[in-house]
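Participant: Sharing input_8.cif (mmCIF, C-alpha atoms) below.
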```
data_run
loop_
_atom_site.label_atom_id
_atom_site.label_comp_id
_atom_site.auth_asym_id
_atom_site.auth_seq_id
_atom_site.Cartn_x
_atom_site.Cartn_y
_atom_site.Cartn_z
CA THR A 1 -28.69 -50.19 -18.59
CA GLN A 2 -32.33 -51.00 -18.06
CA LEU A 3 -34.40 -51.57 -21.19
CA LEU A 4 -38.07 -52.22 -21.80
CA GLU A 5 -39.08 -53.98 -24.98
CA GLN A 6 -42.64 -53.66 -26.22
CA SER A 7 -44.35 -55.87 -28.74
CA PRO A 8 -45.87 -55.62 -31.18
CA GLN A 9 -44.72 -52.23 -32.42
CA PHE A 10 -47.82 -51.78 -34.54
CA LEU A 11 -51.25 -53.37 -34.47
CA SER A 12 -54.19 -52.80 -36.78
CA ILE A 13 -57.38 -54.66 -35.88
CA GLN A 14 -61.13 -54.59 -36.46
CA GLU A 15 -63.56 -53.25 -33.90
CA GLY A 16 -64.61 -56.00 -31.50
CA GLU A 17 -61.37 -57.97 -31.61
CA ASN A 18 -59.23 -58.68 -28.56
CA LEU A 19 -55.54 -57.88 -28.33
CA THR A 20 -52.58 -58.12 -26.00
CA VAL A 21 -49.54 -55.87 -25.81
CA TYR A 22 -46.39 -57.08 -24.07
CA CYS A 23 -43.69 -55.25 -22.18
CA ASN A 24 -40.55 -57.18 -21.24
CA SER A 25 -37.29 -56.47 -19.47
CA SER A 26 -34.36 -58.31 -17.94
CA SER A 27 -34.47 -55.84 -15.03
CA VAL A 28 -36.69 -55.73 -11.97
CA PHE A 29 -38.80 -52.61 -11.42
CA SER A 30 -40.47 -51.31 -8.28
CA SER A 31 -43.47 -50.29 -10.33
CA LEU A 32 -44.62 -50.32 -13.90
CA GLN A 33 -46.97 -47.93 -15.61
CA TRP A 34 -48.99 -47.96 -18.78
CA TYR A 35 -49.71 -44.76 -20.67
CA ARG A 36 -51.83 -43.92 -23.68
CA GLN A 37 -50.94 -41.10 -26.03
CA GLU A 38 -53.26 -39.60 -28.63
CA PRO A 39 -52.01 -37.50 -31.57
CA GLY A 40 -50.99 -33.98 -30.56
CA GLU A 41 -51.09 -34.70 -26.85
CA GLY A 42 -48.79 -35.89 -24.11
CA PRO A 43 -48.94 -39.44 -22.72
CA VAL A 44 -51.63 -39.96 -20.08
CA LEU A 45 -51.21 -42.42 -17.23
CA LEU A 46 -53.63 -45.37 -17.38
CA VAL A 47 -52.47 -47.55 -14.50
CA THR A 48 -49.62 -48.34 -12.13
CA VAL A 49 -48.84 -51.87 -10.95
CA VAL A 50 -46.47 -52.43 -8.05
CA THR A 51 -46.87 -56.00 -6.77
CA GLY A 52 -45.61 -59.08 -8.62
CA GLY A 53 -48.59 -60.94 -10.09
CA GLU A 54 -50.88 -57.96 -9.67
CA VAL A 55 -53.83 -57.65 -12.04
CA LYS A 56 -55.73 -54.40 -12.52
CA LYS A 57 -58.78 -53.77 -14.64
CA LEU A 58 -59.88 -50.52 -16.19
CA LYS A 59 -63.18 -51.16 -18.01
CA ARG A 60 -62.16 -53.31 -21.03
CA LEU A 61 -58.43 -53.02 -20.28
CA THR A 62 -56.66 -55.60 -18.11
CA PHE A 63 -53.12 -54.99 -16.89
CA GLN A 64 -50.87 -57.62 -15.37
CA PHE A 65 -47.49 -57.32 -13.68
CA GLY A 66 -45.28 -60.38 -13.92
CA ASP A 67 -44.49 -62.37 -10.78
CA ALA A 68 -40.83 -61.34 -10.97
CA ARG A 69 -41.74 -57.70 -11.68
CA LYS A 70 -39.79 -57.76 -14.96
CA ASP A 71 -42.65 -57.81 -17.43
CA SER A 72 -46.21 -56.70 -17.95
CA SER A 73 -49.08 -57.11 -20.35
CA LEU A 74 -52.04 -55.04 -21.44
CA HIS A 75 -55.09 -56.89 -22.75
CA ILE A 76 -57.95 -55.07 -24.43
CA THR A 77 -61.27 -56.86 -24.81
CA ALA A 78 -63.62 -55.97 -27.67
CA ALA A 79 -61.48 -53.09 -28.95
CA GLN A 80 -63.22 -49.94 -30.09
CA PRO A 81 -62.08 -47.14 -32.42
CA GLY A 82 -61.68 -44.94 -29.33
CA ASP A 83 -58.89 -47.24 -28.17
CA THR A 84 -56.73 -46.09 -31.07
CA GLY A 85 -53.48 -44.55 -29.90
CA LEU A 86 -49.90 -45.14 -28.82
CA TYR A 87 -49.55 -47.34 -25.75
CA LEU A 88 -46.37 -46.95 -23.71
CA CYS A 89 -45.13 -49.05 -20.84
CA ALA A 90 -42.68 -47.57 -18.37
CA GLY A 91 -40.71 -48.96 -15.44
CA ALA A 92 -39.64 -47.05 -12.36
CA ASN A 93 -37.56 -47.80 -9.29
CA THR A 94 -37.93 -46.80 -5.68
CA GLY A 95 -38.26 -43.06 -5.22
CA GLY A 96 -39.45 -42.54 -8.77
CA PHE A 97 -36.02 -41.48 -9.96
CA LYS A 98 -36.00 -41.75 -13.74
CA THR A 99 -38.56 -43.77 -15.58
CA ILE A 100 -37.59 -46.10 -18.40
CA PHE A 101 -40.00 -46.07 -21.34
CA GLY A 102 -40.64 -48.72 -23.93
CA ALA A 103 -40.75 -47.67 -27.59
CA GLY A 104 -44.54 -48.01 -27.66
CA THR A 105 -47.23 -49.97 -29.47
CA ARG A 106 -49.23 -48.07 -32.01
CA LEU A 107 -52.80 -49.42 -32.08
CA PHE A 108 -55.33 -48.69 -34.79
CA VAL A 109 -58.85 -50.00 -34.38
CA LYS A 110 -60.97 -49.92 -37.53
CA ALA A 111 -64.72 -49.42 -37.32
CA ASP B 1 -56.45 -29.18 -10.04
CA ALA B 2 -52.71 -29.70 -10.31
CA GLU B 3 -51.31 -29.57 -13.82
CA ILE B 4 -48.22 -29.22 -15.95
CA THR B 5 -48.13 -26.67 -18.74
CA GLN B 6 -45.74 -25.98 -21.59
CA SER B 7 -45.23 -22.93 -23.75
CA PRO B 8 -45.16 -22.23 -26.55
CA ARG B 9 -47.19 -25.09 -28.05
CA HIS B 10 -45.68 -24.48 -31.47
CA LYS B 11 -42.43 -22.75 -32.41
CA ILE B 12 -40.65 -22.17 -35.69
CA THR B 13 -37.11 -20.87 -35.49
CA GLU B 14 -33.99 -20.61 -37.62
CA THR B 15 -30.76 -22.52 -37.39
CA GLY B 16 -28.35 -20.95 -34.91
CA ARG B 17 -30.91 -19.12 -32.81
CA GLN B 18 -31.29 -19.66 -29.08
CA VAL B 19 -34.67 -21.06 -28.08
CA THR B 20 -36.17 -21.57 -24.63
CA LEU B 21 -39.13 -23.84 -23.97
CA ALA B 22 -41.02 -23.27 -20.74
CA CYS B 23 -42.39 -25.92 -18.39
CA HIS B 24 -44.43 -25.18 -15.26
CA GLN B 25 -45.96 -27.72 -12.86
CA THR B 26 -48.25 -27.26 -9.88
CA TRP B 27 -47.97 -30.85 -8.60
CA ASN B 28 -45.19 -29.79 -6.20
CA HIS B 29 -43.09 -32.67 -7.52
CA ASN B 30 -39.37 -32.62 -6.94
CA ASN B 31 -38.54 -34.61 -10.08
CA MET B 32 -38.93 -33.02 -13.51
CA PHE B 33 -37.91 -34.27 -16.93
CA TRP B 34 -37.57 -33.15 -20.54
CA TYR B 35 -38.05 -35.63 -23.39
CA ARG B 36 -38.09 -35.42 -27.13
CA GLN B 37 -40.29 -37.69 -29.20
CA ASP B 38 -39.47 -38.60 -32.76
CA LEU B 39 -40.91 -41.26 -35.04
CA GLY B 40 -38.92 -44.44 -34.66
CA HIS B 41 -37.23 -43.36 -31.43
CA GLY B 42 -39.98 -43.14 -28.86
CA LEU B 43 -39.42 -40.87 -25.85
CA ARG B 44 -35.80 -39.95 -25.29
CA LEU B 45 -34.63 -38.25 -22.11
CA ILE B 46 -32.83 -34.94 -22.59
CA HIS B 47 -32.32 -33.57 -19.07
CA TYR B 48 -33.82 -34.13 -15.66
CA SER B 49 -33.83 -32.54 -12.21
CA TYR B 50 -34.41 -34.04 -8.79
CA GLY B 51 -34.92 -30.69 -7.08
CA VAL B 52 -33.97 -27.02 -6.93
CA GLN B 53 -30.46 -26.35 -8.21
CA ASP B 54 -30.11 -29.97 -9.36
CA THR B 55 -29.78 -30.80 -13.07
CA ASN B 56 -28.60 -33.96 -14.84
CA LYS B 57 -27.92 -35.00 -18.42
CA GLY B 58 -30.06 -37.59 -20.10
CA GLU B 59 -29.26 -39.77 -23.10
CA VAL B 60 -29.58 -36.98 -25.72
CA SER B 61 -28.39 -33.86 -23.87
CA ASP B 62 -25.94 -32.40 -26.43
CA GLY B 63 -27.06 -28.93 -27.53
CA TYR B 64 -29.55 -28.54 -24.67
CA SER B 65 -29.40 -27.08 -21.17
CA VAL B 66 -31.80 -26.70 -18.24
CA SER B 67 -31.90 -24.73 -15.02
CA ARG B 68 -33.95 -25.27 -11.85
CA SER B 69 -34.33 -22.16 -9.72
CA ASN B 70 -37.61 -23.21 -8.09
CA THR B 71 -39.78 -26.32 -7.70
CA GLU B 72 -42.34 -25.36 -10.32
CA ASP B 73 -40.25 -24.56 -13.40
CA LEU B 74 -37.71 -26.35 -15.58
CA PRO B 75 -37.01 -24.34 -18.76
CA LEU B 76 -35.20 -26.09 -21.60
CA THR B 77 -32.77 -24.04 -23.69
CA LEU B 78 -31.43 -24.89 -27.12
CA GLU B 79 -28.20 -22.90 -27.22
CA SER B 80 -27.90 -22.81 -31.02
CA ALA B 81 -30.81 -24.53 -32.71
CA ALA B 82 -30.03 -27.15 -35.34
CA SER B 83 -32.33 -28.84 -37.85
CA SER B 84 -31.73 -32.14 -36.04
CA GLN B 85 -33.53 -30.63 -33.05
CA THR B 86 -36.82 -30.40 -34.93
CA SER B 87 -39.04 -32.55 -32.76
CA VAL B 88 -41.90 -32.65 -30.28
CA TYR B 89 -40.74 -31.85 -26.76
CA PHE B 90 -42.49 -33.06 -23.63
CA CYS B 91 -41.96 -31.94 -20.09
CA ALA B 92 -42.99 -34.21 -17.22
CA SER B 93 -42.88 -34.42 -13.46
CA ASN B 94 -43.26 -37.57 -11.43
CA SER B 95 -44.54 -38.90 -8.15
CA ASP B 96 -42.51 -40.98 -5.71
CA ARG B 97 -43.86 -44.11 -7.47
CA GLY B 98 -42.47 -42.92 -10.79
CA GLU B 99 -45.87 -42.03 -12.23
CA GLN B 100 -45.17 -39.39 -14.83
CA PHE B 101 -47.46 -36.47 -15.56
CA PHE B 102 -46.82 -34.95 -18.96
CA GLY B 103 -47.40 -31.54 -20.40
CA PRO B 104 -49.19 -31.13 -23.74
CA GLY B 105 -45.94 -30.85 -25.69
CA THR B 106 -44.17 -28.23 -27.79
CA ARG B 107 -43.74 -28.83 -31.50
CA LEU B 108 -40.47 -27.21 -32.54
CA THR B 109 -39.41 -26.71 -36.15
CA VAL B 110 -35.88 -25.52 -36.92
CA LEU B 111 -35.48 -24.21 -40.48
#
```
Would you kindly transcribe this structure into structure tokens?

Facilitator:
Amino acid sequence: TQLLEQSPQFLSIQEGENLTVYCNSSSVFSSLQWYRQEPGEGPVLLVTVVTGGEVKKLKRLTFQFGDARKDSSLHITAAQPGDTGLYLCAGANTGGFKTIFGAGTRLFVKA
Amino acid sequence: DAEITQSPRHKITETGRQVTLACHQTWNHNNMFWYRQDLGHGLRLIHYSYGVQDTNKGEVSDGYSVSRSNTEDLPLTLESAASSQTSVYFCASNSDRGEQFFGPGTRLTVL
């Protein structure tokens, strides 16, 4: 059974601080996605990484896929209150059949 | 623009009643999924379908059923609602890379 472990589970920080969220597995994935979910809404896709070692940037968010395609990290620079939400990582295999989700990291950024 | 919709957005029902939650997507994706999301459990897969007439059980399928008569729709039925099925339900479809596109969710309360 493939599992994705996210850490930390909960993070409360001040505006302007930096943070990193980790997503780890013992399994190899063809691709890995990061989603953000706000209260009362469904998760929204932020990014997909597919190549080992790949780094993608989305404004203040930096996503990295591990060389072995088993882990990933999300780094937020100078967090803002608008970054508050639940961040989910998810791994998928070729063909997109079934996606494995991590339990999520709940981020709260205080003004 | 392509989208995925769910109805109703909120539902209150009584124990023992049959309930059907609708999910409709215009992405033309073959793969569709139903999840429930509860505090402390993250997203848990209920049922999924890889195409018309195909349905499969997920990790928490007891008490639920789905049918797939066309590409666009995957209704979820609770045969006899139980209080343990009070939850937020999300429908999703995914691309060949496993990128999931979620509906807005249905909040179900079983009294």

Participant: So which residues fall inside 7 Å of (-50.0, -50.9, -11.7) if we count all atoms listed in the file? Mind giving them as a list in words?

Facilitator: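 Returned residue set, sorted by chain then number, is Ser31, Leu32, Gln33, Val47, Thr48, Val49, Val50 and Lys56 of chain A.
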
Participant: Tell me which protein, DNA and RNA residues are within 7 Å of segment 73-75 of chain B, counting only C-alpha atoms, leaving out same-chain ones fewer than 4 positions away, and put them as a PyMOL selection string.

Facilitator: chain B and resi 20-25+66-68

Participant: Would you mind listing, as a PyMOL selection string, all residues of chain B that have at least one atom within 12 Å of chain A, where all atoms listed in the file are what counts?

Facilitator: chain B and resi 4-6+9-10+29-51+56-59+88-107

Participant: Between atom CA of Asp83 of chain A and atom CA of Leu11 of chain A, what is the spacing in Å?

Facilitator: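 Straight-line distance from atom CA of Leu11 of chain A to atom CA of Asp83 of chain A works out to 11.6 Å.
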
Participant: Can you tell me, as JSON, numbers by chain, what residues are no more than 12 Å from Gln85 of chain B when counting all atoms listed in the file, ignoring any on the same chain fewer than 2 positions away?

Facilitator: {"B": [11, 12, 13, 14, 15, 16, 17, 18, 19, 35, 36, 37, 38, 46, 60, 61, 62, 63, 64, 77, 78, 79, 80, 81, 82, 83, 87, 88, 89, 107, 108, 109, 110, 111]}

Participant: To one decimal place in Å, what is the distance between atom CA of Val109 of chain A and atom CA of Pro81 of chain A?

Facilitator: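 So the answer is 4.7 Å.
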
Participant: Can you turn the PyMOL selection byres ((chain A and resi 16) around 10) into a concrete residue list for this file, as a ChimeraX atom specification?

Facilitator: /A:13-15,17-19,76-81,109-111

Participant: Using the chain letters and residue numbers of this document, give as a count of residues only the residues selected by the PyMOL selection byres ((chain A and resi 69) around 10).

Facilitator: 24

Participant: Between atom CA of Leu3 of chain A and atom CA of Val21 of chain A, what is the distance in Å, rounded to a tenth?

Facilitator: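 So the answer is 16.4 Å.
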